[in-house]
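The structure under discussion appears below in the form of structure tokens.
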Amino acid sequence: MRRVLLTIEYDGSRYSGWQKQPSCNTIQGEIESAIFKSIGQNCELFGSGRTDKGVHALNQKAHFDLSVPVPIAKLPDILNNVLPADIVIKDATQVEQDFHARFSVKKKYYQYRILNSSKKNAFLAYKVGQIKEKLDIDKMRECANLLIGEHDFKGYCSANTCAQDFVRKIYDIDVKSEGDFIIITVCGNGFLYNMVRIIVGTMVDYSLGLKDTADILVALEKGDRQRAGRTMPPGGLYLKDVDYN
């Protein structure tokens with residue numbers, strides 16, 4: 001039995017998220033099905049985390065235990081031959097038996113892409129979050145600096161979360177402008193349900209003068225979701241990378 005770590009890229013537009021669900025089209029379900037179809041092994045795939053419906057990944061990580069004599073280096077080609085075009089296995093490597101794609105994570109990087117333009121773009125409809133009003137990059141960075149560090153992020157997650165512990169550490173929030181696009185990269189030790197989308201929405205509302213410093217701090221200190229900003233659409237969110245070192 002060999003434990004295999006997959007690096008996966010996917011467009012989540014037409015999927016109900018990562019996690020396998022009855023009667024739903026999911027990333028985990030598609031890959032497990034591809035493994036069975038291609039090498040004849042039933043397995044359970046363990047992801048580094050669950051991306052929500054409509055969220056994408058550039059480098060999602062997941063592991064499973066391989067029990068058939070297939071060269072691990074050939075797994076990407078084997079699986080990509082049967083996977084839909086919007087899911088790609090980028091890499092497969094053998095890891096130690098005590099490795100776990102979720103519990104061994106040290107840092108995660110999420111990227112949010114904003115189209116800051118009044119013009120619609122049909123090809124980007126499910127790939128960005130669009131804000132028509134002009135955003136102030138400096139104000140967004142100012143807001144980001146208030147959120148960096150270890151905090152109770154109860155005010156920055158969905159009420160539907162099943163988490164019991166809301167303390168997370170944000171190591172960095174990078175904000176950059178590329179033409180009509182604003183790219184926000186958030187690095188942390190873990191994230192709550194909708195946390196990144198709410199952090200970005202708070203930065204947007206702060207930039208537009210809809211939230212102020214007091215709102216940001218009260219949301220952190222009292223866990224008041226109403227004082228944080230909007231929840232950005234899922235299509236602009238990408239799981240950028242996962243760090244195990």
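Letters A, B, ... go to the chains of the structure tokens in the order shown; residues in each chain start at 1; ligands are counted from 1 in the same order.
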- Query: What residues in region 2-95 of chain A get the DSSP label strand (DSSP E)? Please answer as a PyMOL selection string.
  - Reply: chain A and resi 2-10+46-47+56-66+87-95
- Message: When you look at region 221-235 of chain A with a cut-off of 10 Å (counting only C-alpha atoms), what residues show up, excluding the ones that are within fewer than 2 positions of it in the same chain? I need them as a ChimeraX atom specification.
- Response: /A:11-13,51-56,112-114,124-131,151-159,166,194-206,210-212,214-219,237-238
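The shortest atom-to-atom distance to Pro76 (chain A), with only C-alpha atoms taken into account, belongs to A:Lys90 out of A:His63, A:Lys120, A:Arg141, A:Lys90.
What separates CA of Ile89 (chain A) from CA of Leu6 (chain A) is a distance of 6.7 Å.
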- Message: Set the distance at 12 Å and use only C-alpha atoms: which residues neighbour Asp86 (chain A) once local chain neighbours fewer than 3 positions away are removed? I'd like the list as an MDAnalysis selection string.
- Response: chainID A and resid 8:15 26:27 30:31 56:58 80 82:83 89
- Query: When DSSP works through the backbone of this structure, what residues of region 23-115 of chain A end up as alpha helix (DSSP H), shown as a list in words?
  - Reply: Ile27, Gln28, Gly29, Glu30, Ile31, Glu32, Ser33, Ala34, Ile35, Phe36, Lys37, Ser38, Ile39, Leu75, Pro76, Asp77, Ile78, Leu79 and Asn80 of chain A
Can you write just those residues out, N, CA and C atoms, as a compact mmCIF listing (two decimals), in the first residue's frame?
```
# COMPACT_ATOMS: atom_id res chain seq x y z
N ILE A 27 -16.05 17.60 -7.05
CA ILE A 27 -14.68 17.33 -7.47
C ILE A 27 -14.20 16.00 -6.88
N GLN A 28 -14.38 15.81 -5.59
CA GLN A 28 -13.96 14.57 -4.95
C GLN A 28 -14.62 13.36 -5.62
N GLY A 29 -15.91 13.47 -5.87
CA GLY A 29 -16.64 12.37 -6.49
C GLY A 29 -16.12 12.04 -7.88
N GLU A 30 -15.81 13.07 -8.67
CA GLU A 30 -15.30 12.85 -10.02
C GLU A 30 -13.94 12.15 -10.00
N ILE A 31 -13.07 12.57 -9.09
CA ILE A 31 -11.73 11.98 -9.06
C ILE A 31 -11.78 10.55 -8.54
N GLU A 32 -12.57 10.30 -7.49
CA GLU A 32 -12.70 8.93 -7.00
C GLU A 32 -13.26 8.01 -8.08
N SER A 33 -14.22 8.53 -8.84
CA SER A 33 -14.79 7.75 -9.94
C SER A 33 -13.75 7.49 -11.03
N ALA A 34 -12.90 8.50 -11.31
CA ALA A 34 -11.85 8.34 -12.32
C ALA A 34 -10.82 7.30 -11.88
N ILE A 35 -10.50 7.28 -10.60
CA ILE A 35 -9.55 6.28 -10.08
C ILE A 35 -10.12 4.88 -10.28
N PHE A 36 -11.40 4.71 -9.98
CA PHE A 36 -12.02 3.39 -10.15
C PHE A 36 -12.08 2.98 -11.63
N LYS A 37 -12.48 3.93 -12.47
CA LYS A 37 -12.61 3.62 -13.90
C LYS A 37 -11.26 3.28 -14.54
N SER A 38 -10.22 3.97 -14.12
CA SER A 38 -8.93 3.83 -14.80
C SER A 38 -8.06 2.71 -14.26
N ILE A 39 -8.08 2.49 -12.93
CA ILE A 39 -7.19 1.46 -12.38
C ILE A 39 -7.95 0.41 -11.57
N LEU A 75 0.24 8.25 -12.98
CA LEU A 75 -1.14 8.51 -12.54
C LEU A 75 -1.75 9.76 -13.14
N PRO A 76 -1.05 10.89 -13.23
CA PRO A 76 -1.68 12.07 -13.84
C PRO A 76 -2.21 11.80 -15.24
N ASP A 77 -1.41 11.18 -16.09
CA ASP A 77 -1.86 10.89 -17.45
C ASP A 77 -3.03 9.89 -17.45
N ILE A 78 -2.92 8.88 -16.61
CA ILE A 78 -3.98 7.86 -16.54
C ILE A 78 -5.30 8.49 -16.12
N LEU A 79 -5.28 9.29 -15.08
CA LEU A 79 -6.51 9.89 -14.56
C LEU A 79 -7.04 10.99 -15.48
N ASN A 80 -6.15 11.79 -16.04
CA ASN A 80 -6.60 12.88 -16.92
C ASN A 80 -7.29 12.36 -18.18
```
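Residues in contact range of Arg50 (chain A), defined as at most 10 Å between only C-alpha atoms, with sequence neighbours fewer than 5 positions away removed, read Gly17, Trp18, Gln19, Lys20, Ile27, Gln28, Val55, Gln60, Arg102, Tyr193 and Leu239 of chain A.
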Output N, CA and C atoms for every residue in the selection just made, as a PDB file, in the first residue's frame.
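Listed below is the output, again29.pdb:
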```pdb
ATOM      1  N   GLY A  17     -18.983  21.976  -5.210  1.00  0.00           N
ATOM      2  CA  GLY A  17     -17.888  22.011  -4.253  1.00  0.00           C
ATOM      3  C   GLY A  17     -17.012  20.780  -4.328  1.00  0.00           C
ATOM      4  N   TRP A  18     -16.069  20.704  -3.399  1.00  0.00           N
ATOM      5  CA  TRP A  18     -15.130  19.589  -3.340  1.00  0.00           C
ATOM      6  C   TRP A  18     -15.779  18.325  -2.811  1.00  0.00           C
ATOM      7  N   GLN A  19     -16.456  18.449  -1.662  1.00  0.00           N
ATOM      8  CA  GLN A  19     -16.874  17.271  -0.908  1.00  0.00           C
ATOM      9  C   GLN A  19     -17.960  16.451  -1.599  1.00  0.00           C
ATOM     10  N   LYS A  20     -17.743  15.136  -1.609  1.00  0.00           N
ATOM     11  CA  LYS A  20     -18.696  14.207  -2.201  1.00  0.00           C
ATOM     12  C   LYS A  20     -20.039  14.295  -1.478  1.00  0.00           C
ATOM     13  N   ILE A  27     -16.054  17.603  -7.049  1.00  0.00           N
ATOM     14  CA  ILE A  27     -14.681  17.328  -7.470  1.00  0.00           C
ATOM     15  C   ILE A  27     -14.198  16.001  -6.883  1.00  0.00           C
ATOM     16  N   GLN A  28     -14.377  15.815  -5.590  1.00  0.00           N
ATOM     17  CA  GLN A  28     -13.960  14.574  -4.952  1.00  0.00           C
ATOM     18  C   GLN A  28     -14.622  13.362  -5.619  1.00  0.00           C
ATOM     19  N   VAL A  55     -16.232  27.480  -6.372  1.00  0.00           N
ATOM     20  CA  VAL A  55     -14.867  27.914  -6.068  1.00  0.00           C
ATOM     21  C   VAL A  55     -13.876  27.054  -6.860  1.00  0.00           C
ATOM     22  N   GLN A  60      -4.953  22.405  -5.502  1.00  0.00           N
ATOM     23  CA  GLN A  60      -5.554  21.645  -4.413  1.00  0.00           C
ATOM     24  C   GLN A  60      -4.705  20.390  -4.181  1.00  0.00           C
ATOM     25  N   ARG A 102      -4.989  16.880   4.833  1.00  0.00           N
ATOM     26  CA  ARG A 102      -5.636  17.939   5.605  1.00  0.00           C
ATOM     27  C   ARG A 102      -4.874  18.265   6.890  1.00  0.00           C
ATOM     28  N   TYR A 193     -15.644  28.728   7.193  1.00  0.00           N
ATOM     29  CA  TYR A 193     -16.597  28.718   6.080  1.00  0.00           C
ATOM     30  C   TYR A 193     -16.858  30.142   5.590  1.00  0.00           C
ATOM     31  N   LEU A 239      -8.306  28.365  -4.590  1.00  0.00           N
ATOM     32  CA  LEU A 239      -7.317  27.791  -3.675  1.00  0.00           C
ATOM     33  C   LEU A 239      -5.993  27.804  -4.430  1.00  0.00           C
TER      34      LEU A 239
END
```
